[in-house]
Amino acid sequence: MSERYLHTHDVVIVGSGLAGLRAAVETAGCLDVALISKVFPTRSHSGAAQGGIAAALGNEEPDSWEWHMFDTVKGGDYLTDQDAAEVLARDAARAVYELEHMGVPFNRNPNGTIAQRAFGGHTRHFGEAPVKRACYAADRTGRVILDTLYGQCVQRGLHVYPELSVVDLVVRDGIVCGVIALDWATAAVHVFHAKAVLLATGGFGKVFKTTSNCFANTGDGVFLVYRHGFPLQDMEFVQFHPTGIYGLGVLISEAARGEGGVLRNRHGERFMERYAPTIKDLAARDVVSRAIMKEIQEGRGIDGRDFVHLDLTHLGRERLAERLSDISSFVRIYLGIDPAHAPIPVQPTCHYMMGGISTDLHGRALDVQGRPIPGLYAAGECACVSVHGANRLGCNSLLDLVVFGRRAGQDMCARVPTMDRSPLPADAEEATRERLARLRERTQGVRPAVLRERLQREMMERCGVYRSQSGLEKALETVRGLQEEYRHSVYLDYRGDRYNTDLMEALELESLLTLGEVILVSAASRRESRGAHSREDFPQRDDHNFLHHTLVYRDEEKIRLGTKPVSITRFQPKPRVY
Ligand SMILES: Cc1cc2nc3c(=O)[nH]c(=O)nc-3n(C[C@H](O)[C@H](O)[C@H](O)COP(=O)(O)OP(=O)(O)OC[C@H]3O[C@@H](n4cnc5c(N)ncnc54)[C@H](O)[C@@H]3O)c2cc1C
């Protein structure tokens, strides 16, 4: 038997994006906390967040948390749990001022208050007109919050384990009591024994070909939870952001439209006037993405091709440099275009997962019956507290991370000291060792990258902005075929121990293939159109049959589906127009 690396902590946080770091800031003072991350913390995907964080501060014009809550519920096409949306909107101002006091350098108004700008779906007076609600630091808001929170963690003496991937949960008698992790530098397997585990492993945009997401967003935590038979929620809801750079998917933040940018078709027409007469280019993302696809399908893409233009030329070089400097430079680097002089070719890109690990308002992961799973928490994009429902509004993710990351941390501080440490199974890491050995023993077959590319293409083609029953079923057949190939033929070119990225890709591919299947099964079961889930064969929303959350879980190798009621408190569902 190889050497055993055993670590014992009160709490293990997996993932060092804003959700993981905010939970760490909360717990590091009161508990012995370990933070594990497969990338160095400040390289986490949250650092890519551009446009801002939402809070009804009312610094530019009147605003209120009730309007923010309403927009969040309407934006989520009434699938948003309204108790969660209320927590989010009420706590937003406190959360932003807290970040400010920790040192986040937000842009300022001349009177010193935090500057705010417009973003899609944020309105005043319950939908009357756009409101400036996004607090921002140029177009690198995620970067500065990530660095600030990491600084706070260092000050609190947090124990960080960077460049370790968690590859399994340790579950004994239904209690989660640790994780198994692989050290990329050495290929050593580490066992972490804890009273509670918080998963903050981010999204899984890498299931799709065109995505704004980084390479690490492969949904590892979500996959592990599913593999242990716990439920995932609302997995059919995948957000496509309207303005990915054509052919690349690199994001042009909604802040560009918040600052006045407009979308145009091949005739130079500002087509959003037809789809969202009141707030036009600042409608919610699902609405704008569908509008772009419609323009393309009807031959009004630029030169009849599959993209439209985002026009920022009228904003002026100075404003672009001051407020949108990073994205201007992406456009110059990737396309060789100066956005002050020429429009940017854009198309919808996979951006955000509304679905994930089902949790309550305190970040406690829930089982199929809705009971907290002892020892397991989740926060951030990998979780589904259902604050975003069927479609997330821009700037509500960063807010979700710091509000619910903190709440999960508070709950752990309250509960973990009274919890017993569940004993570790003697063979906790054996299944992992066998899994790794299996992957390393084959000497020929198909490489992980080949299967991944086929998965990503299939998902993009048949489970993108628009879906249909026949397309979803066809994709399911393909994905299940790829899973078979994975089981029987995947092999690694490199079988060594040091930074074996081949091995990493193979492990991540297992989660991508599983989550692809789960998304397709969930999407096929929802025979209606709601938010980001647009069915060509069922174009209407159907509250009578589908105003509920989807649960999907594994039971003895079979995929099972269930439902969960939506929490509706203040706002009754009504038609969604912008
Ligand atoms: C280009 C872009 C711009 C965006 N702009 C905005 C914006 O302006 N406003 C907004 O509200 N939202 C924005 N978003 C969305 C937002 O950035 C994300 O939803 C959010 O950052 C996710 O944070 P997280 O903490 O859940 O996960 P992440 O920041 O993705 O972090 C995940 C962490 O988990 C770790 N991890 C993953 N798997 C493992 C494993 N197996 N073992 C160990 N560690 C693991 C990773 O190393 C990483 O540290 C944007 C997203 C993109 C892609």
# chains A, B, ... in the order shown; residues from 1 in each chain; ligands from 1

call {"tool": "closest_atom_pairs", "arguments": {"of": "chain A", "to": "ligand 1", "cutoff": "7 Å", "atoms": "only C-alpha atoms and all ligand atoms", "output": "Markdown table"}}
result
| residue | atom | partner | partner_atom_place_in_ligand_line | distance |
| --- | --- | --- | --- | --- |
| A:Val14 | CA | ligand 1 | 44 (N) | 5.2 |
| A:Gly15 | CA | ligand 1 | 34 (O) | 3.2 |
| A:Ser16 | CA | ligand 1 | 49 (O) | 3.6 |
| A:Gly17 | CA | ligand 1 | 29 (O) | 3.4 |
| A:Leu18 | CA | ligand 1 | 25 (O) | 4.1 |
| A:Ala19 | CA | ligand 1 | 25 (O) | 3.8 |
| A:Gly20 | CA | ligand 1 | 25 (O) | 5.7 |
| A:Ile36 | CA | ligand 1 | 43 (C) | 5.4 |
| A:Ser37 | CA | ligand 1 | 44 (N) | 3.5 |
| A:Lys38 | CA | ligand 1 | 47 (O) | 4.0 |
| A:Val39 | CA | ligand 1 | 47 (O) | 4.2 |
| A:Phe40 | CA | ligand 1 | 47 (O) | 6.8 |
| A:Pro41 | CA | ligand 1 | 49 (O) | 5.5 |
| A:Ser44 | CA | ligand 1 | 49 (O) | 4.3 |
| A:His45 | CA | ligand 1 | 29 (O) | 3.9 |
| A:Ser46 | CA | ligand 1 | 21 (O) | 3.2 |
| A:Gly47 | CA | ligand 1 | 21 (O) | 6.8 |
| A:Ala48 | CA | ligand 1 | 1 (C) | 4.9 |
| A:Ala49 | CA | ligand 1 | 5 (N) | 3.2 |
| A:Gln50 | CA | ligand 1 | 8 (O) | 4.0 |
| A:Gly51 | CA | ligand 1 | 8 (O) | 3.4 |
| A:Gly52 | CA | ligand 1 | 8 (O) | 4.2 |
| A:Ile53 | CA | ligand 1 | 11 (O) | 5.2 |
| A:Thr141 | CA | ligand 1 | 8 (O) | 6.4 |
| A:Gly142 | CA | ligand 1 | 17 (O) | 6.5 |
| A:Leu164 | CA | ligand 1 | 43 (C) | 5.8 |
| A:Ser165 | CA | ligand 1 | 42 (N) | 3.4 |
| A:Val166 | CA | ligand 1 | 42 (N) | 3.8 |
| A:Val167 | CA | ligand 1 | 41 (N) | 5.8 |
| A:Ala200 | CA | ligand 1 | 26 (O) | 5.5 |
| A:Thr201 | CA | ligand 1 | 34 (O) | 3.3 |
| A:Gly202 | CA | ligand 1 | 27 (O) | 3.3 |
| A:Gly203 | CA | ligand 1 | 30 (O) | 5.9 |
| A:Ser212 | CA | ligand 1 | 53 (C) | 4.7 |
| A:Asn213 | CA | ligand 1 | 53 (C) | 4.5 |
| A:Cys214 | CA | ligand 1 | 53 (C) | 7.0 |
| A:Ala216 | CA | ligand 1 | 37 (C) | 6.2 |
| A:Asn217 | CA | ligand 1 | 30 (O) | 6.2 |
| A:Thr218 | CA | ligand 1 | 38 (N) | 6.9 |
| A:Gly219 | CA | ligand 1 | 38 (N) | 6.4 |
| A:Asp220 | CA | ligand 1 | 41 (N) | 4.8 |
| A:Gly221 | CA | ligand 1 | 41 (N) | 6.0 |
| A:Val250 | CA | ligand 1 | 1 (C) | 6.8 |
| A:Leu251 | CA | ligand 1 | 1 (C) | 5.0 |
| A:Ser253 | CA | ligand 1 | 3 (C) | 6.4 |
| A:His351 | CA | ligand 1 | 53 (C) | 5.8 |
| A:Tyr352 | CA | ligand 1 | 19 (O) | 6.2 |
| A:Ala379 | CA | ligand 1 | 26 (O) | 6.6 |
| A:Gly380 | CA | ligand 1 | 26 (O) | 3.5 |
| A:Glu381 | CA | ligand 1 | 26 (O) | 3.8 |
| A:Cys382 | CA | ligand 1 | 26 (O) | 5.8 |
| A:Gly394 | CA | ligand 1 | 11 (O) | 5.6 |
| A:Cys395 | CA | ligand 1 | 11 (O) | 3.1 |
| A:Asn396 | CA | ligand 1 | 11 (O) | 4.5 |
| A:Ser397 | CA | ligand 1 | 11 (O) | 3.6 |
| A:Leu398 | CA | ligand 1 | 11 (O) | 3.7 |
| A:Leu399 | CA | ligand 1 | 11 (O) | 6.1 |
| A:Leu401 | CA | ligand 1 | 25 (O) | 6.1 |

call {"tool": "residues_around", "arguments": {"residues": "Leu561 in chain A", "least_positions_apart": "2", "cutoff": "9 Å", "atoms": "only C-alpha atoms", "output": "VMD selection string"}}
result
chain A and resid 521 to 522 525 550 to 554 559 563

call {"tool": "closest_residue", "arguments": {"among": "A:Pro573, A:Gly531, A:Gly120, A:Gly75", "to": "Asp543 in chain A", "atoms": "only C-alpha atoms"}}
result
A:Pro573

call {"tool": "select_by_dssp", "arguments": {"residues": "range 377-493 of chain A", "states": "strand (DSSP E or B)", "output": "number ranges by chain"}}
result
A: 377-378, 383-384, 446, 466-467, 490

call {"tool": "write_last_selection", "arguments": {"atoms": "N, CA and C atoms", "output": "compact mmCIF listing (two decimals), in the first residue's frame"}}
result
# COMPACT_ATOMS: atom_id res chain seq x y z
N TYR A 377 -22.28 20.78 2.84
CA TYR A 377 -22.75 22.12 2.48
C TYR A 377 -22.35 22.39 1.03
N ALA A 378 -23.05 23.35 0.40
CA ALA A 378 -22.63 23.78 -0.94
C ALA A 378 -22.98 25.25 -1.10
N ALA A 383 -24.01 25.29 -6.46
CA ALA A 383 -25.18 25.05 -5.61
C ALA A 383 -26.44 25.58 -6.28
N CYS A 384 -27.58 25.07 -5.83
CA CYS A 384 -28.85 25.61 -6.31
C CYS A 384 -29.73 25.86 -5.08
N VAL A 446 -8.82 5.57 -26.84
CA VAL A 446 -9.17 6.93 -27.27
C VAL A 446 -8.74 7.92 -26.18
N TYR A 466 -31.91 26.77 -28.08
CA TYR A 466 -33.18 26.08 -28.38
C TYR A 466 -33.01 24.56 -28.29
N ARG A 467 -34.03 23.89 -27.82
CA ARG A 467 -34.01 22.42 -27.69
C ARG A 467 -35.32 21.82 -28.23
N VAL A 490 -10.86 4.71 -22.86
CA VAL A 490 -10.07 5.93 -22.64
C VAL A 490 -8.67 5.57 -22.14

call {"tool": "atom_distance", "arguments": {"atom1": "CA of Arg541 in chain A", "atom2": "CA of Glu528 in chain A"}}
result
5.3 Å

call {"tool": "select_by_dssp", "arguments": {"residues": "range 336-413 of chain A", "states": "helix (DSSP H, G or I)", "output": "list in words"}}
result
Gly380, Glu381, Cys382, Asn396, Ser397, Leu398, Leu399, Asp400, Leu401, Val402, Val403, Phe404, Gly405, Arg406, Arg407, Ala408, Gly409, Gln410, Asp411, Met412 and Cys413 of chain A

call {"tool": "atom_distance", "arguments": {"atom1": "CA of Ala276 in chain A", "atom2": "CA of Gln297 in chain A"}}
result
18.4 Å

call {"tool": "residues_around", "arguments": {"residues": "Val387 in chain A", "least_positions_apart": "5", "cutoff": "6 Å", "atoms": "only C-alpha atoms", "output": "PyMOL selection string"}}
result
chain A and resi 80-81+84-85

call {"tool": "write_last_selection", "arguments": {"atoms": "all heavy atoms", "output": "mmCIF file, in the first residue's frame"}}
result
data_model
loop_
_atom_site.group_PDB
_atom_site.id
_atom_site.type_symbol
_atom_site.label_atom_id
_atom_site.label_comp_id
_atom_site.auth_asym_id
_atom_site.auth_seq_id
_atom_site.Cartn_x
_atom_site.Cartn_y
_atom_site.Cartn_z
ATOM 1 N N THR A 80 -37.678 31.036 -9.500
ATOM 2 C CA THR A 80 -36.842 31.469 -8.376
ATOM 3 C C THR A 80 -37.587 31.217 -7.066
ATOM 4 O O THR A 80 -38.770 31.541 -6.964
ATOM 5 C CB THR A 80 -36.597 32.989 -8.517
ATOM 6 O OG1 THR A 80 -36.067 33.239 -9.807
ATOM 7 C CG2 THR A 80 -35.691 33.520 -7.444
ATOM 8 N N ASP A 81 -36.899 30.665 -6.071
ATOM 9 C CA ASP A 81 -37.530 30.547 -4.749
ATOM 10 C C ASP A 81 -37.549 31.931 -4.122
ATOM 11 O O ASP A 81 -36.493 32.554 -3.907
ATOM 12 C CB ASP A 81 -36.753 29.556 -3.870
ATOM 13 C CG ASP A 81 -37.143 28.114 -4.171
ATOM 14 O OD1 ASP A 81 -38.254 27.901 -4.710
ATOM 15 O OD2 ASP A 81 -36.348 27.210 -3.875
ATOM 16 N N ALA A 84 -35.551 32.797 -1.010
ATOM 17 C CA ALA A 84 -34.112 32.981 -1.292
ATOM 18 C C ALA A 84 -33.860 34.340 -1.945
ATOM 19 O O ALA A 84 -32.899 35.045 -1.599
ATOM 20 C CB ALA A 84 -33.616 31.855 -2.200
ATOM 21 N N ALA A 85 -34.743 34.731 -2.873
ATOM 22 C CA ALA A 85 -34.569 36.026 -3.550
ATOM 23 C C ALA A 85 -34.688 37.166 -2.541
ATOM 24 O O ALA A 85 -34.001 38.194 -2.652
ATOM 25 C CB ALA A 85 -35.624 36.179 -4.649
#

call {"tool": "atom_distance", "arguments": {"atom1": "CA of Pro62 in chain A", "atom2": "CA of Lys132 in chain A"}}
result
9.0 Å

call {"tool": "residues_around", "arguments": {"residues": "range 97-101 of chain A", "least_positions_apart": "4", "cutoff": "10 Å", "atoms": "only C-alpha atoms", "output": "list in words"}}
result
Ala55, Leu57, Ala92, Ala93, Pro105, Phe106, Ile114, Ile145, Thr148, Leu149 and Val402 of chain A

call {"tool": "closest_residue", "arguments": {"among": "A:Gly268, A:Gly58, A:Gly178, A:Pro277", "to": "Arg421 in chain A", "atoms": "only C-alpha atoms"}}
result
A:Gly178

call {"tool": "closest_residue", "arguments": {"among": "A:Asp493, A:His122, A:His309, A:Ala340", "to": "Ser325 in chain A", "atoms": "only C-alpha atoms"}}
result
A:Ala340

call {"tool": "residues_around", "arguments": {"residues": "Thr243 in chain A", "least_positions_apart": "2", "cutoff": "7 Å", "atoms": "only C-alpha atoms", "output": "number ranges by chain"}}
result
A: 241, 245, 251-252, 346-349

call {"tool": "write_last_selection", "arguments": {"atoms": "N, CA, C and O atoms", "output": "PDB file, in the first residue's frame"}}
result
ATOM      1  N   HIS A 241     -25.100  33.410 -22.540  1.00  0.00           N
ATOM      2  CA  HIS A 241     -24.938  34.864 -22.497  1.00  0.00           C
ATOM      3  C   HIS A 241     -24.956  35.372 -23.935  1.00  0.00           C
ATOM      4  O   HIS A 241     -24.289  34.806 -24.805  1.00  0.00           O
ATOM      5  N   ILE A 245     -17.670  36.573 -27.772  1.00  0.00           N
ATOM      6  CA  ILE A 245     -16.967  36.920 -29.014  1.00  0.00           C
ATOM      7  C   ILE A 245     -17.181  35.790 -30.016  1.00  0.00           C
ATOM      8  O   ILE A 245     -17.017  34.610 -29.673  1.00  0.00           O
ATOM      9  N   LEU A 251     -16.103  36.342 -23.136  1.00  0.00           N
ATOM     10  CA  LEU A 251     -17.255  37.197 -22.830  1.00  0.00           C
ATOM     11  C   LEU A 251     -17.011  38.679 -23.067  1.00  0.00           C
ATOM     12  O   LEU A 251     -15.966  39.214 -22.713  1.00  0.00           O
ATOM     13  N   ILE A 252     -18.036  39.326 -23.654  1.00  0.00           N
ATOM     14  CA  ILE A 252     -18.124  40.786 -23.623  1.00  0.00           C
ATOM     15  C   ILE A 252     -19.237  41.082 -22.628  1.00  0.00           C
ATOM     16  O   ILE A 252     -20.411  40.851 -22.897  1.00  0.00           O
ATOM     17  N   VAL A 346     -20.649  39.097 -32.327  1.00  0.00           N
ATOM     18  CA  VAL A 346     -20.964  38.320 -31.118  1.00  0.00           C
ATOM     19  C   VAL A 346     -22.017  37.256 -31.409  1.00  0.00           C
ATOM     20  O   VAL A 346     -22.806  37.388 -32.352  1.00  0.00           O
ATOM     21  N   GLN A 347     -22.031  36.228 -30.565  1.00  0.00           N
ATOM     22  CA  GLN A 347     -23.056  35.179 -30.621  1.00  0.00           C
ATOM     23  C   GLN A 347     -23.224  34.634 -29.199  1.00  0.00           C
ATOM     24  O   GLN A 347     -22.325  34.771 -28.372  1.00  0.00           O
ATOM     25  N   PRO A 348     -24.392  34.009 -28.880  1.00  0.00           N
ATOM     26  CA  PRO A 348     -24.576  33.485 -27.528  1.00  0.00           C
ATOM     27  C   PRO A 348     -23.526  32.432 -27.161  1.00  0.00           C
ATOM     28  O   PRO A 348     -23.128  31.618 -27.993  1.00  0.00           O
ATOM     29  N   THR A 349     -23.085  32.475 -25.911  1.00  0.00           N
ATOM     30  CA  THR A 349     -22.060  31.553 -25.414  1.00  0.00           C
ATOM     31  C   THR A 349     -22.521  30.978 -24.075  1.00  0.00           C
ATOM     32  O   THR A 349     -23.109  31.705 -23.263  1.00  0.00           O
TER      33      THR A 349
END

call {"tool": "closest_atom_pairs", "arguments": {"of": "range 85-152 of chain A", "to": "range 279-283 of chain A", "cutoff": "7 Å", "atoms": "only C-alpha atoms", "output": "Markdown table"}}
result
| residue | atom | partner | partner_atom | distance |
| --- | --- | --- | --- | --- |
| A:Phe119 | CA | A:Leu282 | CA | 6.3 |
| A:Gly120 | CA | A:Leu282 | CA | 4.2 |
| A:Gly121 | CA | A:Ala283 | CA | 5.1 |
| A:Ala129 | CA | A:Ile279 | CA | 6.3 |
| A:Pro130 | CA | A:Ile279 | CA | 6.4 |

call {"tool": "write_last_selection", "arguments": {"atoms": "N, CA and C atoms", "output": "PDB file, in the first residue's frame"}}
result
ATOM      1  N   PHE A 119     -27.721  47.089 -15.815  1.00  0.00           N
ATOM      2  CA  PHE A 119     -27.460  45.723 -16.262  1.00  0.00           C
ATOM      3  C   PHE A 119     -28.783  45.092 -16.671  1.00  0.00           C
ATOM      4  N   GLY A 120     -28.712  44.012 -17.453  1.00  0.00           N
ATOM      5  CA  GLY A 120     -29.926  43.390 -17.982  1.00  0.00           C
ATOM      6  C   GLY A 120     -30.917  42.983 -16.910  1.00  0.00           C
ATOM      7  N   GLY A 121     -32.172  43.357 -17.112  1.00  0.00           N
ATOM      8  CA  GLY A 121     -33.265  42.889 -16.257  1.00  0.00           C
ATOM      9  C   GLY A 121     -33.387  43.603 -14.928  1.00  0.00           C
ATOM     10  N   ALA A 129     -38.622  50.772 -16.021  1.00  0.00           N
ATOM     11  CA  ALA A 129     -37.485  51.255 -16.829  1.00  0.00           C
ATOM     12  C   ALA A 129     -36.195  50.738 -16.197  1.00  0.00           C
ATOM     13  N   PRO A 130     -35.076  50.702 -16.960  1.00  0.00           N
ATOM     14  CA  PRO A 130     -33.819  50.225 -16.366  1.00  0.00           C
ATOM     15  C   PRO A 130     -33.377  51.082 -15.181  1.00  0.00           C
TER      16      PRO A 130
END

call {"tool": "residues_around", "arguments": {"residues": "Arg495 in chain A", "least_positions_apart": "5", "cutoff": "10 Å", "atoms": "only C-alpha atoms", "output": "compact mmCIF listing (two decimals) with N, CA, C and O atoms, in the first residue's frame"}}
result
# COMPACT_ATOMS: atom_id res chain seq x y z
N ALA A 437 -5.73 3.67 -10.90
CA ALA A 437 -4.97 2.56 -11.50
C ALA A 437 -5.61 2.13 -12.81
O ALA A 437 -4.93 1.89 -13.81
N LEU A 439 -7.36 3.90 -14.87
CA LEU A 439 -7.10 4.90 -15.92
C LEU A 439 -5.68 4.79 -16.45
O LEU A 439 -5.42 5.10 -17.61
N ARG A 440 -4.78 4.35 -15.58
CA ARG A 440 -3.36 4.35 -15.99
C ARG A 440 -2.93 3.06 -16.66
O ARG A 440 -1.88 3.04 -17.31
N GLU A 441 -3.73 2.00 -16.51
CA GLU A 441 -3.19 0.73 -17.01
C GLU A 441 -3.35 0.55 -18.52
O GLU A 441 -2.55 -0.12 -19.16
N ARG A 442 -4.39 1.17 -19.11
CA ARG A 442 -4.63 0.97 -20.55
C ARG A 442 -3.56 1.67 -21.38
O ARG A 442 -3.15 2.78 -21.05
N THR A 443 -3.10 1.04 -22.43
CA THR A 443 -2.01 1.64 -23.21
C THR A 443 -2.45 2.11 -24.59
O THR A 443 -1.70 2.72 -25.32
N ASN A 500 0.35 15.49 -14.03
CA ASN A 500 -0.19 14.66 -15.11
C ASN A 500 -1.54 15.25 -15.60
O ASN A 500 -2.61 14.88 -15.13
N THR A 501 -1.43 16.18 -16.55
CA THR A 501 -2.66 16.84 -17.03
C THR A 501 -3.53 15.89 -17.84
O THR A 501 -4.74 16.09 -17.94
N ASP A 502 -2.93 14.86 -18.40
CA ASP A 502 -3.71 13.83 -19.09
C ASP A 502 -4.67 13.16 -18.12
O ASP A 502 -5.84 12.94 -18.42
N LEU A 503 -4.13 12.85 -16.95
CA LEU A 503 -4.93 12.21 -15.91
C LEU A 503 -6.04 13.16 -15.44
O LEU A 503 -7.20 12.78 -15.26

call {"tool": "decode", "arguments": {"residues": "range 341-355 of chain A", "atoms": "N, CA and C atoms", "output": "PDB file, in the first residue's frame"}}
result
ATOM      1  N   HIS A 341     -13.968  52.023 -32.969  1.00  0.00           N
ATOM      2  CA  HIS A 341     -14.163  52.322 -34.399  1.00  0.00           C
ATOM      3  C   HIS A 341     -15.020  51.322 -35.146  1.00  0.00           C
ATOM      4  N   ALA A 342     -15.080  50.061 -34.653  1.00  0.00           N
ATOM      5  CA  ALA A 342     -15.804  49.035 -35.414  1.00  0.00           C
ATOM      6  C   ALA A 342     -16.647  48.187 -34.463  1.00  0.00           C
ATOM      7  N   PRO A 343     -17.819  47.706 -34.930  1.00  0.00           N
ATOM      8  CA  PRO A 343     -18.654  46.853 -34.071  1.00  0.00           C
ATOM      9  C   PRO A 343     -18.022  45.486 -33.856  1.00  0.00           C
ATOM     10  N   ILE A 344     -18.478  44.810 -32.777  1.00  0.00           N
ATOM     11  CA  ILE A 344     -17.872  43.529 -32.389  1.00  0.00           C
ATOM     12  C   ILE A 344     -18.798  42.387 -32.806  1.00  0.00           C
ATOM     13  N   PRO A 345     -18.286  41.382 -33.541  1.00  0.00           N
ATOM     14  CA  PRO A 345     -19.125  40.223 -33.872  1.00  0.00           C
ATOM     15  C   PRO A 345     -19.362  39.358 -32.635  1.00  0.00           C
ATOM     16  N   VAL A 346     -20.649  39.097 -32.327  1.00  0.00           N
ATOM     17  CA  VAL A 346     -20.964  38.320 -31.118  1.00  0.00           C
ATOM     18  C   VAL A 346     -22.017  37.256 -31.409  1.00  0.00           C
ATOM     19  N   GLN A 347     -22.031  36.228 -30.565  1.00  0.00           N
ATOM     20  CA  GLN A 347     -23.056  35.179 -30.621  1.00  0.00           C
ATOM     21  C   GLN A 347     -23.224  34.634 -29.199  1.00  0.00           C
ATOM     22  N   PRO A 348     -24.392  34.009 -28.880  1.00  0.00           N
ATOM     23  CA  PRO A 348     -24.576  33.485 -27.528  1.00  0.00           C
ATOM     24  C   PRO A 348     -23.526  32.432 -27.161  1.00  0.00           C
ATOM     25  N   THR A 349     -23.085  32.475 -25.911  1.00  0.00           N
ATOM     26  CA  THR A 349     -22.060  31.553 -25.414  1.00  0.00           C
ATOM     27  C   THR A 349     -22.521  30.978 -24.075  1.00  0.00           C
ATOM     28  N   CYS A 350     -22.271  29.690 -23.848  1.00  0.00           N
ATOM     29  CA  CYS A 350     -22.661  29.084 -22.572  1.00  0.00           C
ATOM     30  C   CYS A 350     -21.921  29.798 -21.432  1.00  0.00           C
ATOM     31  N   HIS A 351     -22.673  30.199 -20.419  1.00  0.00           N
ATOM     32  CA  HIS A 351     -22.080  31.124 -19.450  1.00  0.00           C
ATOM     33  C   HIS A 351     -22.265  30.715 -17.998  1.00  0.00           C
ATOM     34  N   TYR A 352     -23.445  30.205 -17.646  1.00  0.00           N
ATOM     35  CA  TYR A 352     -23.733  30.032 -16.216  1.00  0.00           C
ATOM     36  C   TYR A 352     -24.725  28.896 -16.026  1.00  0.00           C
ATOM     37  N   MET A 353     -24.568  28.160 -14.931  1.00  0.00           N
ATOM     38  CA  MET A 353     -25.475  27.059 -14.621  1.00  0.00           C
ATOM     39  C   MET A 353     -26.400  27.466 -13.484  1.00  0.00           C
ATOM     40  N   MET A 354     -27.675  27.565 -13.789  1.00  0.00           N
ATOM     41  CA  MET A 354     -28.626  27.876 -12.715  1.00  0.00           C
ATOM     42  C   MET A 354     -28.797  26.664 -11.801  1.00  0.00           C
ATOM     43  N   GLY A 355     -28.645  25.441 -12.344  1.00  0.00           N
ATOM     44  CA  GLY A 355     -28.841  24.236 -11.551  1.00  0.00           C
ATOM     45  C   GLY A 355     -27.591  23.821 -10.796  1.00  0.00           C
TER      46      GLY A 355
END
